[in-house]
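K.L.:
Quick one: this structure, given as structure tokens, is what I'll be asking you about.
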Amino acid sequence: MRILLIEDDLDLCEAVRCHLVKDNYEADICTTGTDALFYASQQAYDAIILDRMLPGVDGMTILQSIRRSKIQTPIILATAMNDISDRIDGLDAGADDYIVKPFDVLELMARVRALTRRPAALLPNRSFTCGDLKLCKEKHSISCRGQMLSLSRRESDLFEYFIKNAGQTLPRALILNHVWGPDTEVEDGNLDNYIHFLRKRLKALDSRTRIVTVHGVGYRMEEADDS
């Protein structure tokens, strides 16, 4: 599972990230409100840990913006504000849970586990469609007109990102940052290899959807024009 940590305290970020990785979560970190809105909008996360006090755009504004965008990703709001009215405000704004700073990271991890094991009916929609394709994130599978293929986790993440942004040209750096993570060292050629794998999947499914190369920029998913 993938967790987004929105927090400007770098020491706390590192402590939480270590525990997330130890518990077999993938973790992305951003430290400003502006970056947080972009990351959250990708809907690639199983839960979000959100600091209420952030530079620039504050946590409550981010929370309200996420919910206005119909993004239902579970959110834990972390804050040093401990008044009952502050907790009520956070929960009413759309937070699923609330933890007061300073907190024990082990308690935070327990809250993350509780949110991410919610019944499937309460979780965000994890199926995505584009043209004749349907991606099921839970099963890591892609289907087309009755045929289905299993995917690796990375292939599934890439397909999800392309399907959500169908018709848009996605720069290489943006794809790498989103799918591999902003702090992950990855060779540029790895992306080309995975694009090759995705194209083989589309060919095996005889899909009309394709991934085209935009030279000097990146890639774009689109439906083939047979006219």
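So you can find residues: chains in the structure tokens are A, B, ... in the order shown, residues in each start at 1, and ligands are numbered from 1 in order.
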Need the shell around Arg113 of chain A: protein/DNA/RNA residues with any atom at most 12 Å away, counting only C-alpha atoms. Skip same-chain ones fewer than 2 positions apart. Format as a ChimeraX atom specification?

P.N.:
/A:1-3,19-20,23-25,46-48,74,76,97,106-111,115-118

K.L.:
For the residues in the current selection, export C-alpha atoms as a CSV table (one decimal), in the first residue's frame.

P.N.:
```csv
chain,number,residue,atom,x,y,z
A,1,MET,CA,0.0,0.0,0.0
A,2,ARG,CA,1.1,3.6,-0.7
A,3,ILE,CA,0.9,6.4,1.9
A,19,HIS,CA,8.2,2.9,10.3
A,20,LEU,CA,6.1,2.9,7.1
A,23,ASP,CA,5.5,-2.2,7.8
A,24,ASN,CA,5.8,-2.7,4.1
A,25,TYR,CA,4.2,0.5,3.0
A,46,ASP,CA,-4.3,4.2,0.2
A,47,ALA,CA,-4.1,6.8,3.0
A,48,ILE,CA,-2.8,10.3,3.7
A,74,PRO,CA,-8.7,8.1,4.1
A,76,ILE,CA,-5.3,11.2,9.3
A,97,ASP,CA,-9.0,10.3,12.1
A,106,LEU,CA,3.7,3.4,16.9
A,107,GLU,CA,0.3,4.8,17.6
A,108,LEU,CA,0.3,6.6,14.3
A,109,MET,CA,1.1,3.3,12.6
A,110,ALA,CA,-1.8,1.6,14.4
A,111,ARG,CA,-4.1,4.3,13.1
A,115,LEU,CA,-7.7,2.9,8.1
A,116,THR,CA,-6.1,0.8,5.4
A,117,ARG,CA,-8.0,-2.4,6.4
A,118,ARG,CA,-11.4,-0.8,6.1
```

K.L.:
If you run DSSP on this backbone, which residues of chain A come out as helix (DSSP H, G or I), and could you give them as a PyMOL selection string?

P.N.:
chain A and resi 10-22+33-41+59-68+84-92+105-116+120-122+153-164+172-179+188-204

K.L.:
For a quick check of understanding, using only C-alpha atoms, which of A:His215, A:Arg172, A:Lys70, A:Lys134 has the smallest distance to Phe159 of chain A?

P.N.:
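The answer is A:Lys134, which sits nearest to Phe159 of chain A.
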
K.L.:
Please indicate the distance in Å from atom CA of Leu10 of chain A to atom CA of Asp51 of chain A, rounded to one decimal place.

P.N.:
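That distance, rounded to one decimal, is 12.1 Å.
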
K.L.:
Select, from A:Val214, A:Cys18, A:Met81, A:Ala95, the residue with the minimum atom-to-atom distance to Leu50 of chain A, counting only C-alpha atoms.

P.N.:
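Checking each candidate against Leu50 of chain A, we get A:Ala95 as the closest.
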
K.L.:
Between A:Leu198, A:Met60, A:Leu12, A:Met221, which one has atoms that come closest to Pro102 of chain A, using only C-alpha atoms?

P.N.:
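Among the listed residues, A:Leu12 lies closest to Pro102 of chain A.
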
K.L.:
Could you pull out the residues in segment 44-225 of chain A that DSSP calls strand (DSSP E or B) from the backbone, as number ranges by chain?

P.N.:
A: 47-51, 75-79, 97-100, 127-130, 133-136, 141-144, 147-150, 170-171, 209-214, 218-223

K.L.:
Restricting it to N, CA and C atoms, dump the selection as a compact mmCIF listing (two decimals), in the first residue's frame.

P.N.:
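result_27.txt written:
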```txt
# COMPACT_ATOMS: atom_id res chain seq x y z
N ALA A 47 -3.81 5.94 1.89
CA ALA A 47 -4.10 6.81 3.04
C ALA A 47 -3.18 8.02 2.97
N ILE A 48 -3.61 9.10 3.62
CA ILE A 48 -2.83 10.34 3.68
C ILE A 48 -2.68 10.74 5.14
N ILE A 49 -1.45 11.08 5.53
CA ILE A 49 -1.18 11.65 6.86
C ILE A 49 -0.92 13.14 6.63
N LEU A 50 -1.76 13.99 7.17
CA LEU A 50 -1.74 15.41 6.83
C LEU A 50 -1.49 16.27 8.07
N ASP A 51 -0.41 17.05 8.05
CA ASP A 51 -0.13 18.01 9.12
C ASP A 51 -1.06 19.21 8.95
N ILE A 75 -7.88 10.01 5.44
CA ILE A 75 -6.92 11.03 5.88
C ILE A 75 -6.84 11.06 7.39
N ILE A 76 -5.60 11.00 7.91
CA ILE A 76 -5.33 11.22 9.33
C ILE A 76 -4.78 12.64 9.47
N LEU A 77 -5.44 13.46 10.24
CA LEU A 77 -5.01 14.84 10.45
C LEU A 77 -4.14 14.89 11.70
N ALA A 78 -2.90 15.37 11.54
CA ALA A 78 -1.95 15.46 12.66
C ALA A 78 -1.76 16.93 13.03
N THR A 79 -1.88 17.26 14.33
CA THR A 79 -1.78 18.65 14.73
C THR A 79 -1.43 18.77 16.21
N ASP A 97 -9.55 10.51 10.76
CA ASP A 97 -8.99 10.29 12.08
C ASP A 97 -8.15 11.51 12.45
N TYR A 98 -7.76 11.58 13.71
CA TYR A 98 -7.11 12.78 14.24
C TYR A 98 -6.08 12.33 15.26
N ILE A 99 -4.84 12.82 15.15
CA ILE A 99 -3.82 12.48 16.12
C ILE A 99 -3.11 13.75 16.57
N VAL A 100 -2.87 13.87 17.88
CA VAL A 100 -2.32 15.10 18.45
C VAL A 100 -0.81 14.98 18.62
N SER A 127 -11.09 0.96 -9.47
CA SER A 127 -11.16 0.52 -10.85
C SER A 127 -11.18 1.75 -11.75
N PHE A 128 -10.46 1.66 -12.86
CA PHE A 128 -10.33 2.82 -13.75
C PHE A 128 -10.50 2.35 -15.19
N THR A 129 -11.14 3.17 -16.01
CA THR A 129 -11.39 2.80 -17.39
C THR A 129 -10.89 3.88 -18.35
N CYS A 130 -10.51 3.42 -19.52
CA CYS A 130 -10.13 4.31 -20.63
C CYS A 130 -10.41 3.56 -21.91
N LEU A 133 -10.40 -0.32 -22.13
CA LEU A 133 -9.62 -0.88 -21.04
C LEU A 133 -10.30 -0.69 -19.70
N LYS A 134 -10.11 -1.66 -18.82
CA LYS A 134 -10.53 -1.52 -17.42
C LYS A 134 -9.41 -2.04 -16.53
N LEU A 135 -8.93 -1.19 -15.65
CA LEU A 135 -7.86 -1.55 -14.73
C LEU A 135 -8.46 -1.81 -13.35
N CYS A 136 -8.15 -2.96 -12.76
CA CYS A 136 -8.57 -3.27 -11.39
C CYS A 136 -7.32 -3.24 -10.51
N SER A 141 -4.84 -6.17 -12.34
CA SER A 141 -5.18 -6.77 -13.63
C SER A 141 -5.72 -5.70 -14.58
N ILE A 142 -5.59 -5.99 -15.87
CA ILE A 142 -6.11 -5.11 -16.91
C ILE A 142 -6.95 -5.97 -17.84
N SER A 143 -8.13 -5.48 -18.23
CA SER A 143 -9.01 -6.27 -19.07
C SER A 143 -9.50 -5.45 -20.26
N CYS A 144 -9.90 -6.19 -21.30
CA CYS A 144 -10.39 -5.55 -22.53
C CYS A 144 -11.32 -6.52 -23.23
N GLN A 147 -11.19 -10.19 -22.13
CA GLN A 147 -9.87 -10.75 -21.87
C GLN A 147 -9.23 -10.03 -20.68
N MET A 148 -8.47 -10.77 -19.89
CA MET A 148 -7.83 -10.17 -18.72
C MET A 148 -6.40 -10.65 -18.59
N LEU A 149 -5.51 -9.73 -18.19
CA LEU A 149 -4.11 -10.05 -17.94
C LEU A 149 -3.71 -9.57 -16.56
N SER A 150 -2.85 -10.34 -15.89
CA SER A 150 -2.30 -9.92 -14.61
C SER A 150 -1.14 -8.96 -14.85
N LEU A 170 2.34 13.33 -20.90
CA LEU A 170 2.97 13.29 -19.58
C LEU A 170 4.48 13.31 -19.72
N PRO A 171 5.14 14.35 -19.22
CA PRO A 171 6.60 14.41 -19.30
C PRO A 171 7.25 13.24 -18.58
N THR A 209 -6.68 1.07 -27.43
CA THR A 209 -5.96 2.10 -26.69
C THR A 209 -4.46 1.89 -26.86
N ARG A 210 -3.73 2.96 -26.98
CA ARG A 210 -2.28 2.84 -27.17
C ARG A 210 -1.55 3.91 -26.38
N ILE A 211 -0.26 3.67 -26.20
CA ILE A 211 0.62 4.65 -25.56
C ILE A 211 1.59 5.14 -26.63
N VAL A 212 1.50 6.42 -26.95
CA VAL A 212 2.34 6.99 -28.01
C VAL A 212 3.50 7.77 -27.40
N THR A 213 4.60 7.79 -28.11
CA THR A 213 5.78 8.54 -27.70
C THR A 213 5.69 9.96 -28.22
N VAL A 214 5.86 10.92 -27.34
CA VAL A 214 5.95 12.32 -27.73
C VAL A 214 7.44 12.68 -27.62
N GLY A 218 7.70 13.00 -23.55
CA GLY A 218 7.28 11.87 -22.73
C GLY A 218 6.34 10.96 -23.49
N TYR A 219 5.20 10.63 -22.86
CA TYR A 219 4.26 9.68 -23.45
C TYR A 219 2.83 10.15 -23.24
N ARG A 220 1.92 9.60 -24.08
CA ARG A 220 0.50 9.94 -23.97
C ARG A 220 -0.33 8.69 -24.28
N MET A 221 -1.37 8.46 -23.47
CA MET A 221 -2.31 7.36 -23.75
C MET A 221 -3.49 7.92 -24.53
N GLU A 222 -3.87 7.21 -25.59
CA GLU A 222 -4.98 7.66 -26.43
C GLU A 222 -5.61 6.47 -27.12
N GLU A 223 -6.83 6.65 -27.59
CA GLU A 223 -7.49 5.63 -28.38
C GLU A 223 -7.07 5.77 -29.82
```

K.L.:
Just want the 7 Å neighbourhood of Cys30 of chain A, counted on only C-alpha atoms, with same-chain residues fewer than 3 positions away dropped. Output as a list in words.

P.N.:
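Contacts, in chain order: Leu5, Ile6, Glu7, Asp35 and Ala36 of chain A.
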
K.L.:
For the residues selected in the previous step, produce a file with all heavy atoms as a PDB file, in the first residue's frame.

P.N.:
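Saved file result10.pdb follows:
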```pdb
ATOM      1  N   LEU A   5       2.624  11.249   2.999  1.00  0.00           N
ATOM      2  CA  LEU A   5       2.889  11.981   4.236  1.00  0.00           C
ATOM      3  C   LEU A   5       3.112  13.445   3.895  1.00  0.00           C
ATOM      4  O   LEU A   5       4.048  13.789   3.167  1.00  0.00           O
ATOM      5  CB  LEU A   5       4.120  11.398   4.939  1.00  0.00           C
ATOM      6  CG  LEU A   5       4.613  12.130   6.190  1.00  0.00           C
ATOM      7  CD1 LEU A   5       3.523  12.199   7.258  1.00  0.00           C
ATOM      8  CD2 LEU A   5       5.873  11.453   6.735  1.00  0.00           C
ATOM      9  N   ILE A   6       2.246  14.310   4.410  1.00  0.00           N
ATOM     10  CA  ILE A   6       2.329  15.752   4.163  1.00  0.00           C
ATOM     11  C   ILE A   6       2.737  16.406   5.471  1.00  0.00           C
ATOM     12  O   ILE A   6       1.927  16.568   6.388  1.00  0.00           O
ATOM     13  CB  ILE A   6       0.976  16.300   3.658  1.00  0.00           C
ATOM     14  CG1 ILE A   6       0.505  15.522   2.424  1.00  0.00           C
ATOM     15  CG2 ILE A   6       1.093  17.789   3.352  1.00  0.00           C
ATOM     16  CD1 ILE A   6      -0.936  15.818   2.026  1.00  0.00           C
ATOM     17  N   GLU A   7       4.018  16.790   5.577  1.00  0.00           N
ATOM     18  CA  GLU A   7       4.579  17.243   6.851  1.00  0.00           C
ATOM     19  C   GLU A   7       5.847  18.053   6.570  1.00  0.00           C
ATOM     20  O   GLU A   7       6.680  17.654   5.753  1.00  0.00           O
ATOM     21  CB  GLU A   7       4.911  16.016   7.721  1.00  0.00           C
ATOM     22  CG  GLU A   7       5.737  16.290   8.955  1.00  0.00           C
ATOM     23  CD  GLU A   7       5.026  17.187   9.953  1.00  0.00           C
ATOM     24  OE1 GLU A   7       3.947  16.796  10.444  1.00  0.00           O
ATOM     25  OE2 GLU A   7       5.580  18.266  10.231  1.00  0.00           O
ATOM     26  N   ASP A  35       2.538  21.475  -2.995  1.00  0.00           N
ATOM     27  CA  ASP A  35       2.882  20.132  -3.461  1.00  0.00           C
ATOM     28  C   ASP A  35       1.840  19.118  -2.995  1.00  0.00           C
ATOM     29  O   ASP A  35       1.506  18.182  -3.720  1.00  0.00           O
ATOM     30  CB  ASP A  35       4.260  19.719  -2.948  1.00  0.00           C
ATOM     31  CG  ASP A  35       5.395  20.456  -3.639  1.00  0.00           C
ATOM     32  OD1 ASP A  35       5.146  21.042  -4.712  1.00  0.00           O
ATOM     33  OD2 ASP A  35       6.515  20.446  -3.102  1.00  0.00           O
ATOM     34  N   ALA A  36       1.337  19.301  -1.785  1.00  0.00           N
ATOM     35  CA  ALA A  36       0.364  18.365  -1.224  1.00  0.00           C
ATOM     36  C   ALA A  36      -0.886  18.268  -2.090  1.00  0.00           C
ATOM     37  O   ALA A  36      -1.410  17.175  -2.328  1.00  0.00           O
ATOM     38  CB  ALA A  36      -0.002  18.786   0.190  1.00  0.00           C
TER      39      ALA A  36
END
```

K.L.:
Just the number, please: distance in Å from atom CA of Ile29 of chain A to atom CA of Cys13 of chain A, one decimal.

P.N.:
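Computed distance, atom CA of Ile29 of chain A to atom CA of Cys13 of chain A, equals 7.3 Å.
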
K.L.:
To one decimal place in Å, what is the distance between atom CA of Gly90 of chain A and atom CA of Asp11 of chain A?

P.N.:
24.3 Å

K.L.:
So, with only C-alpha atoms as the atoms that count, which of A:Leu54, A:Val179, A:Val112, A:Leu202 lies closest to Glu160 of chain A?

P.N.:
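Closest to Glu160 of chain A, using only C-alpha atoms: A:Val179.
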